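For reference, entry-v6.cif is printed below; it contains mmCIF, C-alpha atoms and all ligand atoms.
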```
data_structure
loop_
_atom_site.label_atom_id
_atom_site.label_comp_id
_atom_site.auth_asym_id
_atom_site.auth_seq_id
_atom_site.Cartn_x
_atom_site.Cartn_y
_atom_site.Cartn_z
CA MET T 1226 45.64 7.56 65.38
CA SER T 1227 48.22 10.38 65.44
CA ASN T 1228 48.90 12.44 62.35
CA SER T 1229 52.44 11.14 62.02
CA THR T 1230 51.30 7.51 62.23
CA ARG T 1231 48.71 8.24 59.62
CA ASP T 1232 51.23 9.94 57.34
CA SER T 1233 53.67 7.05 57.45
CA LEU T 1234 50.89 4.50 56.94
CA ASN T 1235 49.62 6.58 54.11
CA GLU T 1236 53.04 6.56 52.47
CA SER T 1237 53.72 2.86 52.86
CA LEU T 1238 50.24 1.90 51.70
CA CYS T 1239 50.51 4.13 48.64
CA GLU T 1240 53.88 2.58 47.87
CA SER T 1241 52.69 -1.01 48.11
CA LEU T 1242 49.60 -0.16 46.10
CA GLN T 1243 51.66 1.40 43.34
CA ALA T 1244 54.14 -1.47 43.31
CA ILE T 1245 51.38 -4.06 43.03
CA ARG T 1246 49.32 -2.15 40.51
CA SER T 1247 52.33 -1.81 38.25
CA GLN T 1248 52.62 -5.62 38.21
CA LEU T 1249 48.96 -6.27 37.47
CA PRO T 1250 47.74 -6.32 33.89
CA VAL T 1251 45.24 -3.47 33.44
CA SER T 1252 42.49 -6.01 32.86
CA VAL T 1253 42.89 -7.46 36.37
CA ARG T 1254 40.67 -5.96 39.06
CA LEU T 1255 42.37 -5.43 42.39
CA ILE T 1256 40.14 -6.12 45.38
CA ALA T 1257 41.63 -4.79 48.60
CA VAL T 1258 40.72 -7.22 51.36
CA THR T 1259 40.01 -5.12 54.43
CA LYS T 1260 38.88 -7.75 56.96
CA THR T 1261 40.27 -6.69 60.38
CA VAL T 1262 41.52 -3.43 58.82
CA PRO T 1263 40.01 -0.39 60.59
CA ALA T 1264 37.97 2.17 58.71
CA ASP T 1265 40.65 4.93 58.88
CA ILE T 1266 43.05 2.70 56.99
CA VAL T 1267 40.39 1.84 54.45
CA ARG T 1268 40.02 5.59 53.94
CA ILE T 1269 43.71 5.84 53.11
CA ALA T 1270 43.37 3.09 50.50
CA TYR T 1271 40.35 4.91 49.09
CA ALA T 1272 42.33 8.13 48.87
CA ALA T 1273 45.00 6.18 46.99
CA GLY T 1274 42.38 5.26 44.39
CA ILE T 1275 41.07 1.86 45.50
CA ARG T 1276 37.34 1.39 44.90
CA ASP T 1277 36.90 -2.37 45.31
CA PHE T 1278 36.97 -3.69 48.87
CA GLY T 1279 36.56 -7.25 50.12
CA GLU T 1280 35.23 -8.35 53.50
CA ASN T 1281 34.53 -11.82 54.83
CA ARG T 1282 32.15 -11.16 57.73
CA ILE T 1283 28.73 -9.60 57.59
CA GLN T 1284 28.79 -7.83 60.94
CA GLU T 1285 32.25 -6.36 60.45
CA ALA T 1286 31.31 -5.19 56.96
CA ALA T 1287 28.10 -3.55 58.21
CA THR T 1288 29.96 -1.58 60.86
CA LYS T 1289 32.75 -0.52 58.51
CA GLN T 1290 30.42 0.46 55.70
CA ALA T 1291 28.45 2.65 58.09
CA GLU T 1292 31.71 4.36 59.12
CA LEU T 1293 32.58 4.94 55.46
CA HIS T 1294 29.17 5.90 54.10
CA ASP T 1295 30.46 9.31 53.02
CA LEU T 1296 32.81 7.77 50.41
CA PRO T 1297 31.06 7.45 47.06
CA GLY T 1298 31.61 4.84 44.40
CA ILE T 1299 32.82 1.87 46.46
CA THR T 1300 32.03 -1.65 45.28
CA TRP T 1301 31.89 -4.09 48.19
CA HIS T 1302 32.77 -7.74 47.65
CA LEU T 1303 31.84 -10.54 50.03
CA ILE T 1304 34.63 -13.11 49.89
CA GLY T 1305 33.95 -15.27 52.97
CA HIS T 1306 31.60 -18.18 53.57
CA LEU T 1307 27.98 -17.03 53.81
CA GLN T 1308 25.41 -18.75 55.97
CA THR T 1309 21.97 -18.94 54.42
CA ASN T 1310 20.41 -17.12 57.39
CA LYS T 1311 22.61 -14.08 56.66
CA ALA T 1312 21.83 -13.98 52.95
CA LYS T 1313 19.48 -11.00 53.18
CA LYS T 1314 21.97 -8.90 55.08
CA ALA T 1315 24.66 -9.87 52.56
CA LEU T 1316 22.51 -8.61 49.70
CA GLU T 1317 21.99 -5.32 51.48
CA LEU T 1318 25.73 -4.81 51.94
CA PHE T 1319 27.49 -6.30 48.91
CA GLN T 1320 27.33 -5.84 45.14
CA TRP T 1321 29.44 -8.93 44.57
CA ILE T 1322 29.37 -12.27 46.38
CA HIS T 1323 32.42 -14.35 45.45
CA SER T 1324 31.73 -17.15 47.88
CA VAL T 1325 28.47 -18.73 46.75
CA ASP T 1326 29.34 -22.32 47.50
CA ASN T 1327 26.18 -24.44 47.38
CA LEU T 1328 22.88 -24.69 45.58
CA LYS T 1329 20.68 -24.02 48.57
CA LEU T 1330 22.48 -20.73 49.25
CA ALA T 1331 22.19 -19.73 45.58
CA GLN T 1332 18.46 -20.46 45.57
CA ARG T 1333 17.92 -18.45 48.75
CA LEU T 1334 19.90 -15.52 47.35
CA ASN T 1335 17.89 -15.71 44.16
CA GLN T 1336 14.61 -15.57 46.05
CA LEU T 1337 15.73 -12.63 48.22
CA ALA T 1338 17.23 -10.79 45.25
CA GLY T 1339 13.81 -10.97 43.61
CA GLU T 1340 12.15 -9.53 46.70
CA LEU T 1341 14.76 -6.77 47.05
CA ASN T 1342 14.69 -6.08 43.32
CA PHE T 1343 18.48 -6.20 43.12
CA ASN T 1344 20.64 -8.42 40.90
CA PRO T 1345 23.89 -9.21 42.68
CA ASN T 1346 27.03 -10.31 40.88
CA ILE T 1347 27.91 -13.86 41.84
CA CYS T 1348 30.99 -16.06 41.60
CA LEU T 1349 30.59 -19.77 42.17
CA GLN T 1350 33.23 -21.01 44.61
CA VAL T 1351 34.79 -24.25 43.43
CA LYS T 1352 37.15 -26.78 44.96
CA ILE T 1353 39.44 -28.14 42.30
CA LEU T 1354 41.09 -30.45 44.88
CA PRO T 1355 39.36 -31.96 47.90
CA ASP T 1356 39.82 -29.65 50.91
CA PRO T 1357 38.08 -30.34 54.22
CA ASN T 1358 38.88 -26.80 55.41
CA LYS T 1359 36.97 -25.01 52.69
CA SER T 1360 33.52 -24.92 51.28
CA GLY T 1361 32.80 -24.91 47.58
CA TRP T 1362 31.44 -27.02 44.78
CA SER T 1363 33.27 -30.12 43.68
CA ILE T 1364 33.48 -30.23 39.90
CA PRO T 1365 30.93 -33.06 39.42
CA GLN T 1366 28.49 -31.44 41.86
CA LEU T 1367 28.76 -28.13 40.05
CA PHE T 1368 27.96 -29.72 36.68
CA ASP T 1369 24.94 -31.43 38.28
CA ASP T 1370 23.69 -28.11 39.68
CA LEU T 1371 24.21 -25.89 36.62
CA PRO T 1372 20.71 -26.44 35.17
CA VAL T 1373 19.10 -25.29 38.43
CA LEU T 1374 21.54 -22.39 38.81
CA ASN T 1375 20.70 -21.28 35.29
CA HIS T 1376 17.11 -20.79 36.47
CA CYS T 1377 18.16 -18.41 39.26
CA LYS T 1378 17.33 -15.44 37.06
CA ASN T 1379 17.80 -12.78 39.72
CA LEU T 1380 21.47 -13.63 40.10
CA GLN T 1381 24.14 -12.48 37.68
CA PHE T 1382 26.56 -15.37 37.53
CA GLN T 1383 29.87 -13.84 36.48
CA GLY T 1384 32.38 -16.63 36.91
CA LEU T 1385 34.28 -18.83 39.34
CA MET T 1386 36.18 -18.24 42.56
CA THR T 1387 38.73 -20.61 44.04
CA ILE T 1388 41.21 -20.86 46.91
CA PRO T 1389 43.87 -23.59 46.61
CA PRO T 1390 44.26 -25.90 49.61
CA PHE T 1391 46.95 -24.91 52.09
CA GLY T 1392 50.44 -26.38 51.67
CA LEU T 1393 50.69 -26.91 47.91
CA THR T 1394 53.85 -26.29 45.90
CA GLN T 1395 53.96 -23.39 43.46
CA SER T 1396 53.41 -25.70 40.50
CA GLN T 1397 50.46 -27.40 42.22
CA ILE T 1398 48.92 -23.99 42.94
CA LEU T 1399 49.39 -22.97 39.32
CA ASP T 1400 47.74 -26.22 38.30
CA VAL T 1401 44.70 -25.47 40.49
CA PHE T 1402 44.35 -22.04 38.89
CA ASN T 1403 44.79 -23.41 35.37
CA ARG T 1404 42.17 -26.08 36.02
CA THR T 1405 39.78 -23.42 37.32
CA HIS T 1406 40.29 -21.51 34.08
CA GLU T 1407 39.62 -24.67 32.05
CA LEU T 1408 36.52 -25.40 34.09
CA ALA T 1409 35.17 -21.92 33.36
CA ALA T 1410 35.86 -22.45 29.65
CA GLU T 1411 34.05 -25.77 29.69
CA ILE T 1412 31.00 -24.29 31.42
CA LYS T 1413 31.04 -21.39 28.98
CA SER T 1414 31.10 -23.81 26.04
CA GLN T 1415 27.83 -25.33 27.29
CA GLY T 1416 26.10 -22.07 26.40
CA TRP T 1417 23.93 -21.45 29.50
CA SER T 1418 21.61 -18.49 29.01
CA ASN T 1419 22.06 -17.09 32.53
CA ILE T 1420 25.58 -18.17 33.48
CA GLN T 1421 28.44 -15.96 32.34
CA MET T 1422 31.97 -17.22 32.84
CA GLN T 1423 34.01 -14.06 32.20
CA GLN T 1424 35.45 -13.66 35.69
CA LEU T 1425 38.02 -15.70 37.55
CA SER T 1426 38.37 -14.54 41.16
CA MET T 1427 41.60 -16.17 42.26
CA GLY T 1428 44.87 -15.15 43.83
CA MET T 1429 45.71 -13.86 47.31
CA SER T 1430 48.88 -12.21 48.62
CA GLY T 1431 50.93 -15.41 48.45
CA ASP T 1432 49.86 -16.65 45.04
CA TYR T 1433 48.40 -13.83 42.97
CA GLN T 1434 51.20 -13.89 40.39
CA LEU T 1435 50.43 -17.54 39.67
CA ALA T 1436 46.73 -16.72 39.47
CA ILE T 1437 47.40 -13.97 36.93
CA GLU T 1438 49.55 -16.34 34.90
CA ALA T 1439 46.52 -18.64 34.79
CA GLY T 1440 44.13 -15.88 33.70
CA ALA T 1441 42.69 -14.42 36.91
CA THR T 1442 40.53 -11.37 36.29
CA MET T 1443 40.11 -10.43 39.98
CA VAL T 1444 42.75 -10.79 42.69
CA ARG T 1445 41.89 -10.49 46.38
CA LEU T 1446 44.81 -8.96 48.27
CA GLY T 1447 45.00 -8.25 51.99
CA THR T 1448 48.32 -8.87 53.74
CA ILE T 1449 50.49 -7.57 50.94
CA LEU T 1450 48.69 -4.21 51.11
CA PHE T 1451 47.84 -3.80 54.78
CA GLY T 1452 50.37 -6.03 56.58
CA GLU T 1453 49.83 -9.13 58.69
CA ARG T 1454 46.47 -9.54 60.39
CA LEU T 1455 46.24 -10.59 64.03
CA LYS T 1456 46.04 -14.38 64.20
CA SER T 1457 43.11 -14.40 66.60
CA VAL T 1458 40.83 -12.70 64.14
CA THR T 1459 41.79 -14.70 61.05
CA SER T 1460 41.09 -18.13 62.47
CA ASN T 1461 38.26 -18.71 60.01
CA HIS T 1462 40.59 -20.63 57.69
C1 LIG J 1 41.65 -13.09 53.72
C2 LIG J 1 41.28 -13.47 52.33
C3 LIG J 1 41.99 -12.97 51.24
C4 LIG J 1 43.23 -12.10 51.36
O1 LIG J 1 44.27 -12.88 51.84
P1 LIG J 1 45.78 -12.31 51.92
O2 LIG J 1 46.60 -13.54 51.97
O3 LIG J 1 45.86 -11.49 53.15
O4 LIG J 1 46.00 -11.50 50.70
C5 LIG J 1 41.57 -13.33 49.96
N1 LIG J 1 40.51 -14.14 49.78
C6 LIG J 1 39.81 -14.63 50.80
C7 LIG J 1 38.64 -15.51 50.52
C8 LIG J 1 40.16 -14.32 52.12
O5 LIG J 1 39.46 -14.83 53.14
#
```
Could you express the structure from this file as structure tokens?
Amino acid sequence: MSNSTRDSLNESLCESLQAIRSQLPVSVRLIAVTKTVPADIVRIAYAAGIRDFGENRIQEAATKQAELHDLPGITWHLIGHLQTNKAKKALELFQWIHSVDNLKLAQRLNQLAGELNFNPNICLQVKILPDPNKSGWSIPQLFDDLPVLNHCKNLQFQGLMTIPPFGLTQSQILDVFNRTHELAAEIKSQGWSNIQMQQLSMGMSGDYQLAIEAGATMVRLGTILFGERLKSVTSNH
């Protein structure tokens, strides 16, 4: 990358970061989603003060983290679907896993976390509406599984994560976020000893304002910070 390209990227990224930060309540954690974004650009975001980065693929994250190992104080968030056979690698790379979407995966992570002597932060991914394109707990299934999840003592359950189905209206999206908030409140009221419900990871570039209106505590923003991703590499949706 030439110096002039870097300078102009640097400027536009700093501008979009400032504009977005000024809209976010201070209590909302901004996670910069850097999937498909090269390490030099991640460095620019780091220089602009970002410390939370989200990735959705294990291999890409491993490569990028190695390229950025000299930057202290980064918290890495896994936001994409995790296959059970990659759970160990995920624990080595990420402090947060937002996309824990089934009991078997949670139990495997719990076992590995015990072996690695590391207590990852976990969000339970829920589907408020049926969505064949996404993984996640249905509400009834989640209530069934809570007693077993509560026994996964090596995991720090922090809250819920959700992604609304594609193609909803604004008011339907807001409804999904509000229902996620209510679900967290209901789980909290059950008083589980090992399941915290303080965090709501919801909101992407197209809907983060609605998510904040509904009480999001973490927003995951990619496009609005870094520009459009190439279609060929985002076909996981
Ligand atoms: C890609 C992705 C994001 C960021 O999406 P943008 O629309 O680019 O902001 C957020 N969350 C998840 C789970 C993603 O896969």
Problem set entry | Spatial neighbours of T:Gln1248, 10 Å, all atoms listed in the file, chain gap at least 5 places, as a ChimeraX atom specification | /T:1243,1434,1437
For this session: Quote the spacing between atom CA of T:Met1427 and atom C5 of ligand LIG 1 (chain J) in Å to one decimal place.
Result: 8.2 Å
What are the closest atom pairs, with distances in Å to one decimal, for all residues of chain T lying within 7 Å of ligand LIG 1 (chain J)? Consider all atoms listed in the file, order rows by chain and residue number, and present the result as CSV.
```
residue,atom,partner,partner_atom,distance
T:Val1258,CA,J:LIG1,C4,5.5
T:Lys1260,CA,J:LIG1,C1,6.8
T:Asn1281,CA,J:LIG1,O5,6.0
T:Ile1304,CA,J:LIG1,C7,4.7
T:Gly1305,CA,J:LIG1,C7,5.3
T:Ile1388,CA,J:LIG1,C7,6.9
T:Met1429,CA,J:LIG1,O4,4.1
T:Ser1430,CA,J:LIG1,O4,3.6
T:Gly1431,CA,J:LIG1,O2,5.9
T:Arg1445,CA,J:LIG1,C5,4.6
T:Leu1446,CA,J:LIG1,O4,3.7
T:Gly1447,CA,J:LIG1,O3,3.5
T:Thr1448,CA,J:LIG1,O3,3.6
T:Ile1449,CA,J:LIG1,O4,6.0
```
Exercise. Which residues come within 10 Å of T:Leu1238, counting only C-alpha atoms, excluding same-chain residues fewer than 3 positions away, as number ranges by chain?
Worked result: T: 1232-1235, 1241-1244, 1266, 1269-1270, 1273, 1449-1452
Exercise. List as a ChimeraX atom specification: which residues have an atom within 9 Å of (43.7, -22.7, 48.7), counting all atoms listed in the file?
Worked result: /T:1352,1356,1359,1387-1393,1398,1401
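Atom CA of T:Ser1426 is positioned 7.3 Å from atom CA of T:His1323.
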Will you model N, CA, C and O atoms for stretch 1418-1442 of chain T and pass it back as a PDB file, keeping the file's coordinate frame?
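Here's the written file result.pdb:
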```
ATOM      1  N   SER T1418      22.141 -19.828  29.297  1.00  0.00           N
ATOM      2  CA  SER T1418      21.610 -18.490  29.010  1.00  0.00           C
ATOM      3  C   SER T1418      21.875 -17.508  30.148  1.00  0.00           C
ATOM      4  O   SER T1418      22.003 -16.309  29.927  1.00  0.00           O
ATOM      5  N   ASN T1419      21.949 -17.999  31.382  1.00  0.00           N
ATOM      6  CA  ASN T1419      22.060 -17.090  32.530  1.00  0.00           C
ATOM      7  C   ASN T1419      23.356 -17.275  33.318  1.00  0.00           C
ATOM      8  O   ASN T1419      23.464 -16.822  34.444  1.00  0.00           O
ATOM      9  N   ILE T1420      24.314 -17.971  32.747  1.00  0.00           N
ATOM     10  CA  ILE T1420      25.580 -18.170  33.480  1.00  0.00           C
ATOM     11  C   ILE T1420      26.734 -17.667  32.610  1.00  0.00           C
ATOM     12  O   ILE T1420      27.106 -18.296  31.622  1.00  0.00           O
ATOM     13  N   GLN T1421      27.260 -16.514  32.998  1.00  0.00           N
ATOM     14  CA  GLN T1421      28.440 -15.960  32.340  1.00  0.00           C
ATOM     15  C   GLN T1421      29.674 -16.572  32.992  1.00  0.00           C
ATOM     16  O   GLN T1421      29.663 -16.870  34.176  1.00  0.00           O
ATOM     17  N   MET T1422      30.727 -16.703  32.256  1.00  0.00           N
ATOM     18  CA  MET T1422      31.970 -17.220  32.840  1.00  0.00           C
ATOM     19  C   MET T1422      33.143 -16.323  32.431  1.00  0.00           C
ATOM     20  O   MET T1422      34.173 -16.780  31.961  1.00  0.00           O
ATOM     21  N   GLN T1423      32.956 -15.003  32.605  1.00  0.00           N
ATOM     22  CA  GLN T1423      34.010 -14.060  32.200  1.00  0.00           C
ATOM     23  C   GLN T1423      35.010 -13.803  33.320  1.00  0.00           C
ATOM     24  O   GLN T1423      36.101 -13.310  33.059  1.00  0.00           O
ATOM     25  N   GLN T1424      34.606 -14.067  34.565  1.00  0.00           N
ATOM     26  CA  GLN T1424      35.450 -13.660  35.690  1.00  0.00           C
ATOM     27  C   GLN T1424      36.073 -14.850  36.396  1.00  0.00           C
ATOM     28  O   GLN T1424      35.394 -15.857  36.639  1.00  0.00           O
ATOM     29  N   LEU T1425      37.334 -14.710  36.730  1.00  0.00           N
ATOM     30  CA  LEU T1425      38.020 -15.700  37.550  1.00  0.00           C
ATOM     31  C   LEU T1425      38.581 -14.970  38.766  1.00  0.00           C
ATOM     32  O   LEU T1425      39.547 -14.208  38.651  1.00  0.00           O
ATOM     33  N   SER T1426      37.931 -15.172  39.922  1.00  0.00           N
ATOM     34  CA  SER T1426      38.370 -14.540  41.160  1.00  0.00           C
ATOM     35  C   SER T1426      39.325 -15.503  41.844  1.00  0.00           C
ATOM     36  O   SER T1426      38.916 -16.477  42.475  1.00  0.00           O
ATOM     37  N   MET T1427      40.614 -15.274  41.649  1.00  0.00           N
ATOM     38  CA  MET T1427      41.600 -16.170  42.260  1.00  0.00           C
ATOM     39  C   MET T1427      42.919 -15.433  42.425  1.00  0.00           C
ATOM     40  O   MET T1427      43.279 -14.587  41.623  1.00  0.00           O
ATOM     41  N   GLY T1428      43.601 -15.790  43.512  1.00  0.00           N
ATOM     42  CA  GLY T1428      44.870 -15.150  43.830  1.00  0.00           C
ATOM     43  C   GLY T1428      44.756 -14.293  45.070  1.00  0.00           C
ATOM     44  O   GLY T1428      43.903 -13.413  45.145  1.00  0.00           O
ATOM     45  N   MET T1429      45.605 -14.605  46.069  1.00  0.00           N
ATOM     46  CA  MET T1429      45.710 -13.860  47.310  1.00  0.00           C
ATOM     47  C   MET T1429      47.157 -13.384  47.403  1.00  0.00           C
ATOM     48  O   MET T1429      47.933 -13.551  46.463  1.00  0.00           O
ATOM     49  N   SER T1430      47.539 -12.798  48.538  1.00  0.00           N
ATOM     50  CA  SER T1430      48.880 -12.210  48.620  1.00  0.00           C
ATOM     51  C   SER T1430      49.994 -13.186  48.239  1.00  0.00           C
ATOM     52  O   SER T1430      50.961 -12.815  47.589  1.00  0.00           O
ATOM     53  N   GLY T1431      49.854 -14.450  48.656  1.00  0.00           N
ATOM     54  CA  GLY T1431      50.930 -15.410  48.450  1.00  0.00           C
ATOM     55  C   GLY T1431      50.986 -16.033  47.068  1.00  0.00           C
ATOM     56  O   GLY T1431      51.981 -16.665  46.701  1.00  0.00           O
ATOM     57  N   ASP T1432      49.911 -15.895  46.305  1.00  0.00           N
ATOM     58  CA  ASP T1432      49.860 -16.650  45.040  1.00  0.00           C
ATOM     59  C   ASP T1432      49.254 -15.873  43.870  1.00  0.00           C
ATOM     60  O   ASP T1432      48.930 -16.462  42.841  1.00  0.00           O
ATOM     61  N   TYR T1433      49.127 -14.562  44.019  1.00  0.00           N
ATOM     62  CA  TYR T1433      48.400 -13.830  42.970  1.00  0.00           C
ATOM     63  C   TYR T1433      49.130 -13.810  41.636  1.00  0.00           C
ATOM     64  O   TYR T1433      48.494 -13.765  40.570  1.00  0.00           O
ATOM     65  N   GLN T1434      50.486 -13.886  41.681  1.00  0.00           N
ATOM     66  CA  GLN T1434      51.200 -13.890  40.390  1.00  0.00           C
ATOM     67  C   GLN T1434      50.890 -15.159  39.597  1.00  0.00           C
ATOM     68  O   GLN T1434      50.716 -15.114  38.387  1.00  0.00           O
ATOM     69  N   LEU T1435      50.787 -16.279  40.329  1.00  0.00           N
ATOM     70  CA  LEU T1435      50.430 -17.540  39.670  1.00  0.00           C
ATOM     71  C   LEU T1435      49.009 -17.452  39.123  1.00  0.00           C
ATOM     72  O   LEU T1435      48.712 -17.928  38.026  1.00  0.00           O
ATOM     73  N   ALA T1436      48.130 -16.838  39.908  1.00  0.00           N
ATOM     74  CA  ALA T1436      46.730 -16.720  39.470  1.00  0.00           C
ATOM     75  C   ALA T1436      46.648 -15.885  38.190  1.00  0.00           C
ATOM     76  O   ALA T1436      45.897 -16.228  37.266  1.00  0.00           O
ATOM     77  N   ILE T1437      47.418 -14.828  38.126  1.00  0.00           N
ATOM     78  CA  ILE T1437      47.400 -13.970  36.930  1.00  0.00           C
ATOM     79  C   ILE T1437      47.941 -14.734  35.726  1.00  0.00           C
ATOM     80  O   ILE T1437      47.393 -14.649  34.621  1.00  0.00           O
ATOM     81  N   GLU T1438      48.999 -15.510  35.977  1.00  0.00           N
ATOM     82  CA  GLU T1438      49.550 -16.340  34.900  1.00  0.00           C
ATOM     83  C   GLU T1438      48.473 -17.263  34.335  1.00  0.00           C
ATOM     84  O   GLU T1438      48.440 -17.552  33.144  1.00  0.00           O
ATOM     85  N   ALA T1439      47.573 -17.713  35.206  1.00  0.00           N
ATOM     86  CA  ALA T1439      46.520 -18.640  34.790  1.00  0.00           C
ATOM     87  C   ALA T1439      45.252 -17.927  34.321  1.00  0.00           C
ATOM     88  O   ALA T1439      44.245 -18.565  34.049  1.00  0.00           O
ATOM     89  N   GLY T1440      45.277 -16.599  34.265  1.00  0.00           N
ATOM     90  CA  GLY T1440      44.130 -15.880  33.700  1.00  0.00           C
ATOM     91  C   GLY T1440      43.163 -15.276  34.694  1.00  0.00           C
ATOM     92  O   GLY T1440      42.025 -14.961  34.330  1.00  0.00           O
ATOM     93  N   ALA T1441      43.580 -15.076  35.929  1.00  0.00           N
ATOM     94  CA  ALA T1441      42.690 -14.420  36.910  1.00  0.00           C
ATOM     95  C   ALA T1441      42.256 -13.057  36.375  1.00  0.00           C
ATOM     96  O   ALA T1441      43.045 -12.338  35.751  1.00  0.00           O
ATOM     97  N   THR T1442      41.005 -12.704  36.649  1.00  0.00           N
ATOM     98  CA  THR T1442      40.530 -11.370  36.290  1.00  0.00           C
ATOM     99  C   THR T1442      40.316 -10.508  37.542  1.00  0.00           C
ATOM    100  O   THR T1442      40.157  -9.299  37.444  1.00  0.00           O
TER     101      THR T1442
END
```
